[in-house]
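A short write-up of the structure that comes next.
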Amino acid sequence: MLPANISAQVTRVTGKITDAVTNETLPFVNIVFKGTTVGTSTDINGYFEIQAQRALDTIVVSFMGYKTTKVGVKRLQTNNGINIKLKPENYTLKEVVILPGENPAHRIMRKVIANKENNNPEQIKAYQYEAYNKIEFDINNYNKKLTKKKMFKPFNFVFDYSDTTEDGKAYLPIALTETFTNVYFRADAPPKKEIIKASQISGIKNNSASQFLGDMYQNINIYDNFLLIFNKSFVSPITDNFLRYYKYYLVDSVYIDNERCYKLLFLPKRKQDLTFKGDIYIHDSTFAVKRVSLEFNDNANINFIKQFAVRQDFQRVDGKQWMLTKEISVGDFAPFEKANGMGVYGRKTSTYQNFILNKPYPDSLFKAGVNIVVNLDAADKTEEYWSNLRPDTLSTKEKNIYIMVDSLKQVPRLINVRYLAQMLATGFLHWNKFDVGQYYTFYSWNDIEGNRIKFGGVTSNDFSKRLEIRGALAYGLKDERFKPRIGFRWFVQKDKTNRRLLTVNYKSDLEQLSLSANSLQLDNILTSAFRRTALISVTNVRELRVNFEYEWFTGFMNKITMFNRNLLPLGDFKFERNTPGGLASLKDLTTTEFSILTRFAYQEKYISGEFDRTSLGSKYPVLQFELGLGVPNIFSSQFSYVKARFRISDRFRINPLGYTDYVINVGKIWGTAPYLFLELHQGSQTYALDPLAFNMMNIFEFASDKYAYFFLDHHFEGFFLNKVPLLRKLKWREVFTIKSVIGDMSKTNFEQLTYPGGLDPQLHRPYLESGFAVENIFKIVRIDWLWRMTHLERPNAKRFGVRVSMNFRF
């Protein structure tokens, strides 16, 4: 017969362990029942629970840096609330003297900070090394019922390559990339130079992708105070102000590669901060990082990433200098926070070897603007070549990824799925050698045309990778007019270091002037649906534009442009001029302009397609200078003027307060021209936020022939909201914005045309609007509350407004 109270047969102890001097809770403290192997350790808050089905009366509590303590307990009973205070131990760790009342980990960390300059590889005058990178992507947590679905039947063979994790969750490898590079560094000639000697990407042959998957795009230097990961500034565990962000615990002393090291655990001090948890091994005499394991703070304000961890190993390559020799990064990416939701698992393994330090390198190696070079035969290496250079052989699973992806490329249904995804992203639907689109412009409506129907497209890369031809034809059911567009782009020269691109376009179509280049197209159906006001001052623009883009090196280019532009007023809009006899109407206006644009973005990085490319930004300001000349009597042009414009934009970080984006734009126009060919300050006509426009300014409200803009957005990245208990779980982020313009117009230009509504287009005093925004609502929504601060006496001026936008950001 069993006893009535089974718990009487168990000795159970719960409690909390703290520092006897500071009262700080101690995590990872070891607790065992004396004379047994039954043990546990405290959690991150210092709490513990231990039990055994034996009559035991003593627990032993031990933690490196503290005196071992024995605590008596009652046998075969539950002992709750046992609070234990550990006394710090007096002892010496070589150069580190530990005193009572001080956390020994803090003394070690101070030595680490004091020796950062000596141990940081970036302080070396010159070095080179070989880098091997391997990246694998897997679909994880997918429902195995998917394999039975009819739609997956044509490529059901893919699931033969699936596997399961130790906890039984299914995952399917989908991509594997490998790169082998030589990297060169010279302190007086930044940036690093990388030569990609070999690259293979399952299913892809693209030099731009090879660049992105090389070594320099994923470099994390633990010695920096802030680590830029997924465009977020995470605080390094060895930042100069380490005690401001982390709690540290000395837990062990171990040997790694015959080097004695102190093992420290670190934890974030605050929830939602962009910090890490993990452990770090510090060499006992040089106080260099021997090994570090980082894992994102569980509550960090970052999107689409369930988990992300990095491990780095360092070795002394010349008996003195510590260098990174291996790095492993693991990420669990998912669009939703659901614990068991499907996502993508990424793993990157990097090995660095064959270091050569302080060797002189010629200036020619570090040619300006060419910091990454992909060898022409990089994608054509044999399997024998790869087998000889890999530090480790590929597993059977990894080899199968290449086989699987090559097979998938031949499955028609998957090809169609890829084209559908492309359509959703770009607006174009692939059809043989032609891409039809953009689908969201096929139908729209406005006051001038009524219902508008449009059809067009562009040749695809299957047609040519050097020549692209595009065209479209629109028709308005109300105005009963056809509006054609046609053009082409042709690469005169196309290689990995520069571009020579000729573009010719002709159009005759409606245009709403005074809108920014970033605003939605006039014939986008969303513009029709969310327009705040009816179309006003609409023109038909007939334009022939020719430009030639000449890239000298990555980040530095010139663009020469010639355009002839004819404007015809539509609807109630009229071109009128004051004359001694009264208002005189003008049928149309025409100008011909030649211009040259110079753009410089030092160390700018791109991901390139065959024709278009996306900038990944630059760490330095982006500079633009444009000089234009309006020439009369060429193709019926009527005006003579000179334009000059200078623009600077940049992003700088104020860690840990987020980052600031700013734009400064100044310009002047000499000569004679009506306001339509001057600077029409860009207003907004929808409830959608336009970052390049004045969202509280009405269209056609102001114009100038000399002007200066200033735009500023500061993203606090949740710095304040993360500290509000009821809000931090939402992971909202604060933004402050301010926009201003000052300008003027000469009397001669003012008299060229009357302004719509008889208004005065001159600013006279600065225009200013500011706002506060909350972004990351539902991870993608941003809401701006805007305040127009000046020129409130103008017709239809609104003091306050709300705008909405969507952004996908980590």
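A note on labels: chains of the structure tokens are A, B, ... as shown, every chain counts residues from 1, and ligands are counted from 1 in their shown order.
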Which of stretch 533-755 of chain A DSSP labels helix (DSSP H, G or I), written as an MDAnalysis selection string: chainID A and resid 675:677 721:723 725:728 747:750
Using only C-alpha atoms, which residues sit within 8 Å of stretch 533-543 of chain A once same-chain residues fewer than 3 positions away are excluded, as number ranges by chain? A: 446-448, 505-513, 563-574, 685-686, 700, 756
Can you work out which one of A:Val741, A:Leu597, A:Ala131, A:Val504 has the shortest atom-to-atom distance to A:Glu194, counting only C-alpha atoms? A:Ala131
Please list as a PDB file with N, CA, C and O atoms, in the first residue's frame every residue within 12 Å of A:Phe719, counting only C-alpha atoms and excluding residues in the same chain fewer than 5 positions away.
ATOM      1  N   ARG A 270      18.376  45.086 -19.903  1.00  0.00           N
ATOM      2  CA  ARG A 270      17.012  45.556 -20.160  1.00  0.00           C
ATOM      3  C   ARG A 270      16.385  44.776 -21.308  1.00  0.00           C
ATOM      4  O   ARG A 270      17.059  44.424 -22.268  1.00  0.00           O
ATOM      5  N   LYS A 271      15.084  44.570 -21.188  1.00  0.00           N
ATOM      6  CA  LYS A 271      14.342  43.930 -22.268  1.00  0.00           C
ATOM      7  C   LYS A 271      14.250  44.872 -23.463  1.00  0.00           C
ATOM      8  O   LYS A 271      14.260  46.082 -23.323  1.00  0.00           O
ATOM      9  N   GLN A 272      14.117  44.297 -24.638  1.00  0.00           N
ATOM     10  CA  GLN A 272      13.900  45.006 -25.903  1.00  0.00           C
ATOM     11  C   GLN A 272      15.139  45.740 -26.423  1.00  0.00           C
ATOM     12  O   GLN A 272      15.164  46.183 -27.551  1.00  0.00           O
ATOM     13  N   ASP A 273      16.180  45.913 -25.597  1.00  0.00           N
ATOM     14  CA  ASP A 273      17.399  46.535 -26.110  1.00  0.00           C
ATOM     15  C   ASP A 273      18.011  45.629 -27.177  1.00  0.00           C
ATOM     16  O   ASP A 273      17.884  44.401 -27.127  1.00  0.00           O
ATOM     17  N   LEU A 274      18.697  46.255 -28.130  1.00  0.00           N
ATOM     18  CA  LEU A 274      19.383  45.486 -29.171  1.00  0.00           C
ATOM     19  C   LEU A 274      20.717  45.005 -28.600  1.00  0.00           C
ATOM     20  O   LEU A 274      21.782  45.564 -28.835  1.00  0.00           O
ATOM     21  N   ALA A 300      14.489  41.439 -28.066  1.00  0.00           N
ATOM     22  CA  ALA A 300      15.022  42.538 -28.880  1.00  0.00           C
ATOM     23  C   ALA A 300      13.986  43.010 -29.895  1.00  0.00           C
ATOM     24  O   ALA A 300      13.228  42.208 -30.463  1.00  0.00           O
ATOM     25  N   ASN A 301      13.959  44.313 -30.120  1.00  0.00           N
ATOM     26  CA  ASN A 301      12.993  44.923 -31.040  1.00  0.00           C
ATOM     27  C   ASN A 301      13.476  44.732 -32.477  1.00  0.00           C
ATOM     28  O   ASN A 301      14.075  45.624 -33.088  1.00  0.00           O
ATOM     29  N   ILE A 654      23.425  57.404 -34.178  1.00  0.00           N
ATOM     30  CA  ILE A 654      23.704  58.004 -32.880  1.00  0.00           C
ATOM     31  C   ILE A 654      23.413  56.921 -31.847  1.00  0.00           C
ATOM     32  O   ILE A 654      22.402  56.958 -31.139  1.00  0.00           O
ATOM     33  N   ASN A 655      24.259  55.921 -31.806  1.00  0.00           N
ATOM     34  CA  ASN A 655      24.022  54.776 -30.933  1.00  0.00           C
ATOM     35  C   ASN A 655      24.069  55.191 -29.466  1.00  0.00           C
ATOM     36  O   ASN A 655      24.957  55.954 -29.080  1.00  0.00           O
ATOM     37  N   PRO A 656      23.114  54.738 -28.664  1.00  0.00           N
ATOM     38  CA  PRO A 656      22.029  53.789 -28.967  1.00  0.00           C
ATOM     39  C   PRO A 656      20.696  54.477 -29.292  1.00  0.00           C
ATOM     40  O   PRO A 656      19.638  53.861 -29.142  1.00  0.00           O
ATOM     41  N   LEU A 657      20.751  55.738 -29.699  1.00  0.00           N
ATOM     42  CA  LEU A 657      19.523  56.512 -29.927  1.00  0.00           C
ATOM     43  C   LEU A 657      18.964  56.354 -31.335  1.00  0.00           C
ATOM     44  O   LEU A 657      18.100  57.133 -31.746  1.00  0.00           O
ATOM     45  N   GLY A 658      19.435  55.388 -32.097  1.00  0.00           N
ATOM     46  CA  GLY A 658      18.890  55.171 -33.435  1.00  0.00           C
ATOM     47  C   GLY A 658      19.733  55.797 -34.520  1.00  0.00           C
ATOM     48  O   GLY A 658      20.963  55.955 -34.376  1.00  0.00           O
ATOM     49  N   TYR A 659      19.076  56.189 -35.601  1.00  0.00           N
ATOM     50  CA  TYR A 659      19.807  56.744 -36.736  1.00  0.00           C
ATOM     51  C   TYR A 659      19.019  57.885 -37.367  1.00  0.00           C
ATOM     52  O   TYR A 659      17.801  58.001 -37.221  1.00  0.00           O
ATOM     53  N   HIS A 714      14.509  61.185 -37.956  1.00  0.00           N
ATOM     54  CA  HIS A 714      15.302  60.448 -36.964  1.00  0.00           C
ATOM     55  C   HIS A 714      14.483  59.274 -36.446  1.00  0.00           C
ATOM     56  O   HIS A 714      13.379  59.448 -35.931  1.00  0.00           O
ATOM     57  N   VAL A 724       8.537  51.401 -21.843  1.00  0.00           N
ATOM     58  CA  VAL A 724       7.183  51.479 -21.303  1.00  0.00           C
ATOM     59  C   VAL A 724       6.623  50.055 -21.233  1.00  0.00           C
ATOM     60  O   VAL A 724       6.396  49.425 -22.272  1.00  0.00           O
ATOM     61  N   LEU A 727       3.850  48.902 -23.542  1.00  0.00           N
ATOM     62  CA  LEU A 727       4.038  49.127 -24.979  1.00  0.00           C
ATOM     63  C   LEU A 727       5.187  48.319 -25.574  1.00  0.00           C
ATOM     64  O   LEU A 727       5.196  48.060 -26.777  1.00  0.00           O
ATOM     65  N   ARG A 728       6.159  47.951 -24.748  1.00  0.00           N
ATOM     66  CA  ARG A 728       7.360  47.361 -25.341  1.00  0.00           C
ATOM     67  C   ARG A 728       7.101  46.030 -26.042  1.00  0.00           C
ATOM     68  O   ARG A 728       7.817  45.661 -26.970  1.00  0.00           O
ATOM     69  N   LYS A 731       6.558  46.344 -29.744  1.00  0.00           N
ATOM     70  CA  LYS A 731       7.762  46.612 -30.541  1.00  0.00           C
ATOM     71  C   LYS A 731       7.561  47.776 -31.515  1.00  0.00           C
ATOM     72  O   LYS A 731       8.072  47.762 -32.631  1.00  0.00           O
ATOM     73  N   TRP A 732       6.792  48.762 -31.090  1.00  0.00           N
ATOM     74  CA  TRP A 732       6.647  49.968 -31.896  1.00  0.00           C
ATOM     75  C   TRP A 732       7.930  50.789 -31.816  1.00  0.00           C
ATOM     76  O   TRP A 732       8.698  50.696 -30.860  1.00  0.00           O
ATOM     77  N   ARG A 733       8.118  51.631 -32.834  1.00  0.00           N
ATOM     78  CA  ARG A 733       9.333  52.458 -32.904  1.00  0.00           C
ATOM     79  C   ARG A 733       8.959  53.900 -33.232  1.00  0.00           C
ATOM     80  O   ARG A 733       8.085  54.140 -34.058  1.00  0.00           O
ATOM     81  N   GLU A 734       9.652  54.836 -32.601  1.00  0.00           N
ATOM     82  CA  GLU A 734       9.337  56.247 -32.754  1.00  0.00           C
ATOM     83  C   GLU A 734      10.176  56.884 -33.867  1.00  0.00           C
ATOM     84  O   GLU A 734      11.327  56.514 -34.077  1.00  0.00           O
ATOM     85  N   VAL A 735       9.572  57.852 -34.549  1.00  0.00           N
ATOM     86  CA  VAL A 735      10.260  58.608 -35.589  1.00  0.00           C
ATOM     87  C   VAL A 735       9.902  60.083 -35.420  1.00  0.00           C
ATOM     88  O   VAL A 735       8.734  60.426 -35.215  1.00  0.00           O
TER      89      VAL A 735
END
Please provide as a ChimeraX atom specification all residues within 6 Å of A:Asp705, with the sequence filter that same-chain residues fewer than 4 positions apart are discarded (counting only C-alpha atoms). /A:668-669,678,745
If you count only C-alpha atoms, which residues fall within 12 Å of A:Asp43, apart from same-chain ones fewer than 6 positions away, as a PDB file with C-alpha atoms, in the first residue's frame?
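Saved result, out-v5.pdb, follows:
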ATOM      1  CA  THR A  14      13.663  25.905  -3.819  1.00  0.00           C
ATOM      2  CA  GLY A  15      15.213  29.303  -3.342  1.00  0.00           C
ATOM      3  CA  LYS A  16      17.253  32.203  -4.612  1.00  0.00           C
ATOM      4  CA  ILE A  17      20.981  32.946  -4.636  1.00  0.00           C
ATOM      5  CA  THR A  18      22.455  36.461  -4.456  1.00  0.00           C
ATOM      6  CA  THR A  25      21.078  37.861  -8.201  1.00  0.00           C
ATOM      7  CA  LEU A  26      23.466  35.226  -9.548  1.00  0.00           C
ATOM      8  CA  PRO A  27      22.523  33.047 -12.537  1.00  0.00           C
ATOM      9  CA  PHE A  28      24.138  29.719 -13.468  1.00  0.00           C
ATOM     10  CA  VAL A  29      25.225  28.931  -9.896  1.00  0.00           C
ATOM     11  CA  ASN A  30      25.824  25.200  -9.338  1.00  0.00           C
ATOM     12  CA  ILE A  31      23.759  23.409  -6.659  1.00  0.00           C
ATOM     13  CA  GLU A  49      14.742  24.115  -7.656  1.00  0.00           C
ATOM     14  CA  LEU A 267      23.061  38.888 -20.082  1.00  0.00           C
TER      15      LEU A 267
END
For A:Ser746, please output as a PyMOL selection string all residues within 9 Å (counting only C-alpha atoms; exclusion window: fewer than 4 positions along the same chain). chain A and resi 704-706+750-751
Residue selection dump (N, CA, C and O atoms) as a short mmCIF file (atom, residue, chain, number, x, y, z; two decimals), in the first residue's frame:
data_model
loop_
_atom_site.label_atom_id
_atom_site.label_comp_id
_atom_site.auth_asym_id
_atom_site.auth_seq_id
_atom_site.Cartn_x
_atom_site.Cartn_y
_atom_site.Cartn_z
N SER A 704 9.91 78.09 -57.21
CA SER A 704 11.06 78.98 -56.99
C SER A 704 12.06 78.82 -58.11
O SER A 704 12.11 77.78 -58.79
N ASP A 705 12.90 79.84 -58.29
CA ASP A 705 14.05 79.69 -59.18
C ASP A 705 15.37 79.70 -58.41
O ASP A 705 16.44 79.56 -58.99
N LYS A 706 15.31 79.89 -57.11
CA LYS A 706 16.45 79.63 -56.21
C LYS A 706 15.87 79.12 -54.90
O LYS A 706 14.86 79.62 -54.40
N PHE A 750 8.38 85.34 -62.62
CA PHE A 750 7.05 85.42 -62.03
C PHE A 750 6.01 85.89 -63.05
O PHE A 750 4.86 85.47 -63.04
N GLU A 751 6.45 86.75 -63.97
CA GLU A 751 5.53 87.33 -64.95
C GLU A 751 5.37 86.49 -66.21
O GLU A 751 4.59 86.85 -67.10
#
Residue with smallest distance to A:Ser285 - pool A:Asn665, A:Asn119, A:Ser199, A:Asn524, counting only C-alpha atoms: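 Distance minimum relative to A:Ser285 lands on A:Asn119.
In this model, the gap between atom CA of A:Arg645 and atom CA of A:Asn558 comes to 14.4 Å.
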Here is a test: counting only C-alpha atoms, which residue of A:Ala529, A:Val235, A:Ile280, A:Leu324 is nearest to A:Val254?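 Answer, going by the shortest atom-to-atom distance: A:Ile280.
Comparing A:Ala693, A:Leu176, A:Met342, A:Ile302 by their smallest distance to A:Asn231, the closest is A:Ile302 (using only C-alpha atoms).
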Taking only stretch 290-398 of chain A into account, list the residues labelled strand (DSSP E) by DSSP (computed from the backbone), as a count of residues only. 49
Within 10 Å of A:Glu398 using only C-alpha atoms, minus same-chain residues under 2 positions, as a PyMOL selection string: chain A and resi 136+161+173-177+393-396+400-403
With C-alpha atoms retained, could you export that selection as an mmCIF file, in the first residue's frame?
data_model
loop_
_atom_site.group_PDB
_atom_site.id
_atom_site.type_symbol
_atom_site.label_atom_id
_atom_site.label_comp_id
_atom_site.auth_asym_id
_atom_site.auth_seq_id
_atom_site.Cartn_x
_atom_site.Cartn_y
_atom_site.Cartn_z
ATOM 1 C CA GLU A 136 22.742 26.981 -46.352
ATOM 2 C CA TYR A 161 15.656 15.458 -49.395
ATOM 3 C CA PRO A 173 17.223 22.168 -47.490
ATOM 4 C CA ILE A 174 16.563 24.561 -50.387
ATOM 5 C CA ALA A 175 19.771 26.435 -51.190
ATOM 6 C CA LEU A 176 23.512 26.243 -50.726
ATOM 7 C CA THR A 177 26.187 28.768 -51.624
ATOM 8 C CA THR A 393 34.064 18.104 -47.168
ATOM 9 C CA LEU A 394 30.393 18.628 -47.988
ATOM 10 C CA SER A 395 27.985 16.297 -46.262
ATOM 11 C CA THR A 396 25.705 14.083 -48.322
ATOM 12 C CA ASN A 400 22.104 16.775 -52.591
ATOM 13 C CA ILE A 401 21.028 20.401 -52.460
ATOM 14 C CA TYR A 402 22.849 21.118 -55.733
ATOM 15 C CA ILE A 403 21.228 18.069 -57.346
#
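Atom pair atom CA of A:Asn118 / atom CA of A:Val330 has a distance of 29.3 Å (rounded to one decimal).
From atom CA of A:Gly683 back to atom CA of A:Lys559, the distance works out to 26.8 Å.
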